[in-house]
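Visitor: Data file model.cif (mmCIF, C-alpha atoms and all ligand atoms) is appended below.
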```
data_query
#
loop_
_atom_site.label_atom_id
_atom_site.label_comp_id
_atom_site.auth_asym_id
_atom_site.auth_seq_id
_atom_site.Cartn_x
_atom_site.Cartn_y
_atom_site.Cartn_z
CA MET A 22 24.20 -71.40 153.19
CA ILE A 23 22.63 -71.80 149.75
CA VAL A 24 20.28 -74.57 148.72
CA VAL A 25 18.75 -74.59 145.26
CA ASN A 26 16.20 -77.22 144.30
CA ASN A 27 14.80 -77.88 140.87
CA LEU A 28 15.38 -74.38 139.50
CA THR A 29 14.11 -73.90 135.94
CA LYS A 30 14.10 -70.72 133.90
CA THR A 31 12.63 -70.29 130.43
CA PHE A 32 12.76 -67.18 128.28
CA ARG A 33 9.96 -66.53 125.81
CA ASN A 34 10.45 -64.37 122.73
CA GLY A 35 7.22 -64.46 120.74
CA GLN A 36 6.74 -68.07 119.65
CA LEU A 37 10.20 -69.09 120.68
CA THR A 38 10.85 -70.50 124.14
CA THR A 39 14.32 -71.34 125.40
CA THR A 40 15.00 -73.27 128.57
CA VAL A 41 18.09 -71.55 129.91
CA LEU A 42 18.20 -73.34 133.27
CA ASP A 43 16.97 -76.90 133.49
CA ARG A 44 16.20 -78.41 136.90
CA ILE A 45 19.24 -77.03 138.73
CA HIS A 46 20.18 -78.45 142.12
CA LEU A 47 22.93 -76.77 144.05
CA ARG A 48 24.24 -76.73 147.59
CA VAL A 49 26.87 -74.29 148.88
CA GLU A 50 28.21 -74.63 152.43
CA LYS A 51 28.81 -71.63 154.67
CA GLY A 52 32.29 -70.17 154.23
CA ASP A 53 32.96 -71.90 150.91
CA ILE A 54 34.18 -70.27 147.74
CA PHE A 55 32.06 -72.06 145.18
CA GLY A 56 32.84 -71.75 141.48
CA ILE A 57 30.41 -72.19 138.61
CA ILE A 58 32.16 -72.66 135.30
CA GLY A 59 30.73 -72.96 131.83
CA PHE A 60 31.18 -71.71 128.31
CA SER A 61 29.50 -68.55 127.08
CA GLY A 62 25.72 -68.96 126.88
CA ALA A 63 25.61 -71.87 129.33
CA GLY A 64 23.27 -69.93 131.64
CA LYS A 65 25.74 -68.80 134.33
CA SER A 66 24.55 -65.18 134.58
CA THR A 67 20.91 -66.24 134.53
CA LEU A 68 21.59 -68.70 137.35
CA ILE A 69 23.31 -66.15 139.57
CA ARG A 70 20.59 -63.56 138.82
CA CYS A 71 17.91 -66.07 139.80
CA LEU A 72 19.55 -66.48 143.22
CA ASN A 73 18.43 -62.99 144.29
CA ARG A 74 15.48 -62.98 141.89
CA LEU A 75 16.81 -60.33 139.55
CA GLU A 76 15.39 -62.98 137.22
CA GLU A 77 12.22 -64.74 138.32
CA PRO A 78 12.62 -68.52 138.23
CA ASP A 79 9.78 -70.50 136.62
CA THR A 80 10.04 -73.36 139.06
CA GLY A 81 12.14 -74.31 142.03
CA ARG A 82 13.07 -73.31 145.53
CA ILE A 83 15.99 -71.13 146.55
CA GLU A 84 17.11 -70.84 150.15
CA ILE A 85 19.89 -68.47 151.23
CA GLY A 86 21.02 -68.12 154.84
CA GLY A 87 17.84 -69.75 156.11
CA SER A 88 15.55 -67.46 154.13
CA VAL A 89 13.44 -69.04 151.38
CA ILE A 90 14.03 -66.45 148.68
CA THR A 91 11.40 -67.91 146.35
CA ASP A 92 8.68 -67.44 149.00
CA LEU A 93 9.31 -63.74 149.70
CA ASN A 94 7.06 -60.86 148.71
CA GLU A 95 8.53 -57.65 147.20
CA ARG A 96 9.17 -55.95 150.52
CA GLU A 97 10.75 -59.03 152.11
CA LEU A 98 12.85 -59.55 149.00
CA ARG A 99 14.25 -56.01 149.20
CA LEU A 100 15.38 -56.71 152.77
CA ALA A 101 16.79 -60.13 151.89
CA ARG A 102 18.81 -58.65 149.01
CA ARG A 103 20.76 -56.51 151.48
CA LYS A 104 22.26 -59.75 152.73
CA ILE A 105 23.22 -60.86 149.21
CA GLY A 106 26.10 -58.81 147.81
CA MET A 107 26.80 -58.87 144.09
CA ILE A 108 29.73 -57.79 141.91
CA PHE A 109 29.83 -57.56 138.13
CA GLN A 110 32.19 -57.68 135.17
CA GLN A 111 31.46 -54.03 134.30
CA PHE A 112 31.58 -52.93 137.96
CA ASN A 113 28.19 -51.10 137.71
CA LEU A 114 29.35 -48.12 139.80
CA LEU A 115 27.48 -44.82 139.96
CA ASP A 116 29.79 -42.59 137.91
CA ALA A 117 28.37 -39.29 139.17
CA LYS A 118 29.13 -40.27 142.78
CA THR A 119 32.46 -40.46 144.57
CA VAL A 120 33.95 -43.71 145.84
CA TYR A 121 32.71 -42.81 149.33
CA GLN A 122 29.19 -42.12 148.05
CA ASN A 123 29.10 -45.35 146.06
CA VAL A 124 29.84 -47.39 149.16
CA ALA A 125 27.58 -45.26 151.37
CA PHE A 126 24.63 -45.66 149.00
CA PRO A 127 23.41 -49.13 150.10
CA LEU A 128 23.81 -48.06 153.73
CA GLU A 129 21.67 -44.95 153.14
CA VAL A 130 19.01 -47.11 151.48
CA ALA A 131 19.09 -49.36 154.54
CA GLY A 132 18.37 -46.30 156.70
CA HIS A 133 21.54 -46.10 158.78
CA SER A 134 22.60 -42.89 160.55
CA LYS A 135 25.22 -40.58 159.01
CA ALA A 136 27.66 -41.36 161.82
CA PHE A 137 27.26 -45.12 161.37
CA ILE A 138 27.70 -44.79 157.62
CA ARG A 139 30.87 -42.71 157.99
CA GLU A 140 32.39 -45.30 160.28
CA ARG A 141 31.31 -48.27 158.17
CA VAL A 142 32.49 -46.80 154.86
CA ARG A 143 35.89 -45.98 156.34
CA GLU A 144 36.23 -49.51 157.68
CA ILE A 145 35.20 -51.18 154.45
CA LEU A 146 37.37 -48.94 152.22
CA ASP A 147 40.33 -49.87 154.42
CA LEU A 148 39.46 -53.54 153.98
CA VAL A 149 39.69 -53.20 150.18
CA GLN A 150 42.77 -50.99 150.46
CA LEU A 151 41.13 -47.85 149.11
CA GLY A 152 41.22 -45.87 152.35
CA ASP A 153 42.74 -42.86 150.58
CA LYS A 154 40.44 -42.87 147.52
CA GLY A 155 37.10 -41.89 149.06
CA ASP A 156 36.90 -38.53 147.27
CA MET A 157 37.79 -39.82 143.82
CA HIS A 158 35.26 -40.56 141.10
CA PRO A 159 35.12 -43.97 139.37
CA SER A 160 36.43 -42.45 136.12
CA GLN A 161 39.68 -41.58 137.93
CA LEU A 162 40.30 -45.18 139.00
CA SER A 163 41.92 -48.19 137.33
CA GLY A 164 39.82 -51.28 136.55
CA GLY A 165 41.15 -53.08 139.61
CA GLN A 166 40.37 -50.13 141.86
CA LYS A 167 36.87 -49.90 140.39
CA GLN A 168 36.26 -53.54 141.22
CA ARG A 169 37.52 -52.91 144.77
CA VAL A 170 34.85 -50.22 145.06
CA GLY A 171 32.33 -52.74 143.72
CA ILE A 172 33.41 -55.22 146.37
CA ALA A 173 33.26 -52.58 149.11
CA ARG A 174 29.75 -51.61 148.05
CA ALA A 175 28.66 -55.25 147.94
CA LEU A 176 30.00 -55.82 151.45
CA ALA A 177 28.62 -52.61 152.99
CA ASN A 178 25.55 -54.25 154.55
CA GLU A 179 27.52 -57.26 155.85
CA PRO A 180 25.96 -59.80 153.49
CA ASP A 181 25.77 -63.55 154.14
CA VAL A 182 26.89 -64.29 150.60
CA LEU A 183 28.76 -62.54 147.82
CA LEU A 184 27.78 -63.35 144.24
CA SER A 185 30.40 -62.63 141.62
CA ASP A 186 29.51 -62.69 137.92
CA GLU A 187 32.76 -62.72 135.90
CA ALA A 188 34.10 -60.02 138.22
CA THR A 189 37.64 -60.30 136.88
CA SER A 190 36.88 -60.85 133.18
CA ALA A 191 37.55 -57.21 132.26
CA LEU A 192 40.88 -57.13 134.12
CA ASP A 193 44.43 -57.96 133.09
CA PRO A 194 46.03 -61.09 134.63
CA GLN A 195 47.95 -59.28 137.35
CA THR A 196 44.94 -57.23 138.45
CA THR A 197 42.80 -60.36 138.30
CA TYR A 198 45.25 -62.03 140.65
CA SER A 199 45.11 -59.16 143.18
CA ILE A 200 41.29 -59.11 143.14
CA LEU A 201 41.16 -62.88 143.64
CA GLU A 202 43.60 -62.55 146.54
CA LEU A 203 41.34 -59.89 148.03
CA LEU A 204 38.31 -62.17 147.72
CA LYS A 205 40.26 -64.95 149.43
CA ASP A 206 41.24 -62.59 152.26
CA ILE A 207 37.66 -61.46 152.72
CA ASN A 208 36.47 -65.06 152.70
CA ARG A 209 38.98 -65.89 155.43
CA GLN A 210 38.49 -62.79 157.57
CA LEU A 211 34.69 -62.66 157.45
CA ASN A 212 33.95 -66.34 156.75
CA LEU A 213 31.89 -64.97 153.88
CA THR A 214 30.37 -67.46 151.47
CA ILE A 215 31.26 -66.60 147.88
CA VAL A 216 29.70 -67.89 144.65
CA LEU A 217 31.94 -67.08 141.76
CA ILE A 218 30.95 -67.46 138.14
CA THR A 219 33.65 -67.70 135.55
CA HIS A 220 34.59 -69.02 132.14
CA GLU A 221 38.26 -68.94 133.13
CA LEU A 222 39.91 -72.03 134.53
CA ASP A 223 42.67 -70.02 136.24
CA VAL A 224 40.13 -68.20 138.36
CA LEU A 225 38.50 -71.42 139.45
CA GLN A 226 41.84 -73.00 140.26
CA HIS A 227 43.10 -69.99 142.16
CA VAL A 228 40.26 -69.42 144.61
CA CYS A 229 37.50 -72.02 144.59
CA ARG A 230 37.19 -75.09 146.80
CA HIS A 231 34.02 -76.59 145.36
CA MET A 232 32.50 -76.11 141.96
CA ALA A 233 29.84 -77.02 139.45
CA VAL A 234 30.02 -77.23 135.68
CA LEU A 235 27.11 -75.71 133.80
CA GLU A 236 26.43 -76.93 130.26
CA SER A 237 23.39 -75.73 128.29
CA GLY A 238 21.47 -74.92 131.46
CA ARG A 239 22.28 -78.15 133.26
CA ILE A 240 24.73 -78.95 135.99
CA VAL A 241 26.72 -81.79 134.52
CA GLU A 242 29.34 -82.14 137.22
CA THR A 243 29.92 -80.97 140.76
CA GLY A 244 32.53 -81.60 143.44
CA THR A 245 35.90 -80.33 144.61
CA VAL A 246 38.08 -78.28 142.31
CA ASP A 247 40.89 -80.82 142.78
CA LYS A 248 38.70 -83.61 141.45
CA PHE A 249 37.69 -81.46 138.49
CA PHE A 250 41.32 -81.17 137.42
CA LEU A 251 42.35 -84.74 138.23
CA GLN A 252 39.27 -86.62 137.00
CA PRO A 253 37.03 -84.42 134.85
CA GLU A 254 33.88 -86.40 134.08
CA SER A 255 31.69 -84.29 131.82
CA ASP A 256 32.49 -83.31 128.23
CA THR A 257 32.58 -79.66 129.23
CA ALA A 258 34.99 -80.34 132.09
CA ARG A 259 37.26 -82.37 129.79
CA ARG A 260 37.21 -79.62 127.21
CA PHE A 261 38.11 -77.01 129.82
CA VAL A 262 40.91 -79.08 131.27
CA SER A 263 42.34 -80.05 127.87
CA ILE A 264 42.44 -76.39 126.80
CA ILE A 265 45.15 -75.74 129.37
CA ASP A 266 47.14 -78.92 128.73
P1 LIG B 1 26.33 -67.08 130.36
O1 LIG B 1 26.34 -66.08 131.47
O2 LIG B 1 26.72 -68.46 130.78
O3 LIG B 1 27.11 -66.65 129.17
P2 LIG B 1 23.52 -66.32 130.12
O4 LIG B 1 22.88 -66.71 131.40
O5 LIG B 1 23.86 -64.88 129.97
O6 LIG B 1 24.81 -67.23 129.88
O7 LIG B 1 22.59 -66.72 128.92
C1 LIG B 1 22.17 -68.04 128.71
C2 LIG B 1 21.20 -68.08 127.55
O8 LIG B 1 20.03 -67.37 127.87
C3 LIG B 1 21.76 -67.46 126.29
O9 LIG B 1 21.37 -68.26 125.20
C4 LIG B 1 21.07 -66.12 126.23
O10 LIG B 1 20.90 -65.68 124.91
C5 LIG B 1 19.74 -66.40 126.89
N1 LIG B 1 19.17 -65.23 127.57
C6 LIG B 1 19.71 -64.57 128.61
N2 LIG B 1 18.92 -63.54 129.00
C7 LIG B 1 17.86 -63.55 128.16
C8 LIG B 1 16.68 -62.74 128.05
N3 LIG B 1 16.42 -61.72 128.89
N4 LIG B 1 15.79 -63.06 127.08
C9 LIG B 1 16.02 -64.11 126.24
N5 LIG B 1 17.09 -64.90 126.31
C10 LIG B 1 18.00 -64.63 127.25
MG MG B 2 27.38 -64.31 131.76
#
```
Would you write out, as structure tokens, the structure that this file holds?

Guide:
Amino acid sequence: MIVVNNLTKTFRNGQLTTTVLDRIHLRVEKGDIFGIIGFSGAGKSTLIRCLNRLEEPDTGRIEIGGSVITDLNERELRLARRKIGMIFQQFNLLDAKTVYQNVAFPLEVAGHSKAFIRERVREILDLVQLGDKGDMHPSQLSGGQKQRVGIARALANEPDVLLSDEATSALDPQTTYSILELLKDINRQLNLTIVLITHELDVLQHVCRHMAVLESGRIVETGTVDKFFLQPESDTARRFVSIID
């Protein structure tokens, strides 16, 4: 579903250049929940933002669902992004809009009819168990409910993949658990491919099947989550695993 080859990203601030992603190779199979773990500053957010070109990679090729993202022009990229849902730590909801309007928004942008949108929003709010919250505003919701709206919005256009950047980091453990369960359900029901970025081992352990470890912009280890816990190979993996021992 996702193939990344030789992805490099450098930021320039005046004289200073920093290579934040260094020749990344990645392969995520359809229907997987793939975790990317790394300490703060490792380049996780930059990597996930490069996947839909919210950041422009310097080199490399990114393919998602058969579409070569790195070859697309602006117009093609806008269309391709509809098939790449994204959720964030800070939810990024439109506070002036209701829950219904937040979820309807990407469908309006995609040009669907009012009747289609009504039907689709109802269906997707039911899926995230917010069927009765359509008229509320984000400020009236708990953190977990806000993230459910974020998930509903991300799923509105039936994406091929869902990218999650620390989506549970602002939530308490119990709410984190319920959001992770929801992501697992969605993965099962829709066979949706999920890429989940985290600095929390629990999250990785709870939902992911395959994973990669990112350390200073490099992937230093990749494989199944089970292997990561049983035989961590990289320094970063050992440090993560020893933290919970
Ligand atoms: P993570 O999500 O793993 O914490 P990030 O991808 O946010 O890491 O950041 C990785 C590195 O890239 C950090 O050193 C950060 O300071 C740097 N960085 C991120 N965005 C920018 C930017 N727009 N300009 C310059 N440096 C950046
Ligand atoms: Mg980050």

Visitor: With a distance cut-off of 12 Å and only C-alpha atoms, select the neighbouring residues of Arg239 (chain A), excluding the residue or stretch itself and same-chain residues fewer than 6 positions from it, and output the selection as a compact mmCIF listing (two decimals) with C-alpha atoms, keeping the file's coordinate frame.

Guide:
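In the end it all went to result.txt:
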```txt
# COMPACT_ATOMS: atom_id res chain seq x y z
CA ASN A 27 14.80 -77.88 140.87
CA LEU A 28 15.38 -74.38 139.50
CA THR A 29 14.11 -73.90 135.94
CA LYS A 30 14.10 -70.72 133.90
CA THR A 40 15.00 -73.27 128.57
CA VAL A 41 18.09 -71.55 129.91
CA LEU A 42 18.20 -73.34 133.27
CA ASP A 43 16.97 -76.90 133.49
CA ARG A 44 16.20 -78.41 136.90
CA ILE A 45 19.24 -77.03 138.73
CA HIS A 46 20.18 -78.45 142.12
CA LEU A 47 22.93 -76.77 144.05
CA ILE A 57 30.41 -72.19 138.61
CA ILE A 58 32.16 -72.66 135.30
CA GLY A 59 30.73 -72.96 131.83
CA GLY A 62 25.72 -68.96 126.88
CA ALA A 63 25.61 -71.87 129.33
CA GLY A 64 23.27 -69.93 131.64
CA LYS A 65 25.74 -68.80 134.33
CA LEU A 68 21.59 -68.70 137.35
CA ALA A 233 29.84 -77.02 139.45
CA SER A 255 31.69 -84.29 131.82
CA THR A 257 32.58 -79.66 129.23
```

Visitor: What does the distance between CA of Leu217 (chain A) and CA of Ile54 (chain A) come to in Å, to one decimal place?

Guide: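 Between CA of Leu217 (chain A) and CA of Ile54 (chain A) the gap is 7.1 Å.
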
Visitor: Rounded to one decimal place, report the CA of Arg99 (chain A)-CA of Lys51 (chain A) distance in Å.

Guide: 22.0 Å

Visitor: Within 8 Å of region 176-183 of chain A, counting only C-alpha atoms, which residues qualify if same-chain residues fewer than 3 places away don't, as a PyMOL selection string?

Guide: chain A and resi 86+103-108+124-125+127-128+141-142+145+172-173+213-216

Visitor: Within 9 Å of Glu254 (chain A), counting only C-alpha atoms, which residues show up once you throw out same-chain ones fewer than 3 positions away? Write them as a ChimeraX atom specification, please.

Guide: /A:241-242,249,257-259

Visitor: May I ask which of the residues A:His220, A:Ala175, A:Pro194, A:Leu115 is the closest one to ligand MG 2 (chain B), counting only C-alpha atoms and all ligand atoms?

Guide: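 Among the listed residues, A:His220 lies closest to ligand MG 2 (chain B).
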
Visitor: Using only C-alpha atoms and all ligand atoms, can you tell me which of A:Pro159, A:Gly238, A:Gly171, A:Gly52 comes closest to ligand LIG 1 (chain B)?

Guide: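 Of A:Pro159, A:Gly238, A:Gly171, A:Gly52, the one nearest ligand LIG 1 (chain B) is A:Gly238, counting only C-alpha atoms and all ligand atoms.
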
Visitor: If you count all atoms listed in the file, which residues fall within 12 Å of Asp153 (chain A), apart from same-chain ones fewer than 3 positions away, as a ChimeraX atom specification?

Guide: /A:120-121,142-150,156-157,166

Visitor: Mind dumping the selected residues with C-alpha atoms as an mmCIF file, in the coordinates of the input?

Guide:
```
data_model
loop_
_atom_site.group_PDB
_atom_site.id
_atom_site.type_symbol
_atom_site.label_atom_id
_atom_site.label_comp_id
_atom_site.auth_asym_id
_atom_site.auth_seq_id
_atom_site.Cartn_x
_atom_site.Cartn_y
_atom_site.Cartn_z
ATOM 1 C CA VAL A 120 33.950 -43.710 145.840
ATOM 2 C CA TYR A 121 32.710 -42.810 149.330
ATOM 3 C CA VAL A 142 32.490 -46.800 154.860
ATOM 4 C CA ARG A 143 35.890 -45.980 156.340
ATOM 5 C CA GLU A 144 36.230 -49.510 157.680
ATOM 6 C CA ILE A 145 35.200 -51.180 154.450
ATOM 7 C CA LEU A 146 37.370 -48.940 152.220
ATOM 8 C CA ASP A 147 40.330 -49.870 154.420
ATOM 9 C CA LEU A 148 39.460 -53.540 153.980
ATOM 10 C CA VAL A 149 39.690 -53.200 150.180
ATOM 11 C CA GLN A 150 42.770 -50.990 150.460
ATOM 12 C CA ASP A 156 36.900 -38.530 147.270
ATOM 13 C CA MET A 157 37.790 -39.820 143.820
ATOM 14 C CA GLN A 166 40.370 -50.130 141.860
#
```
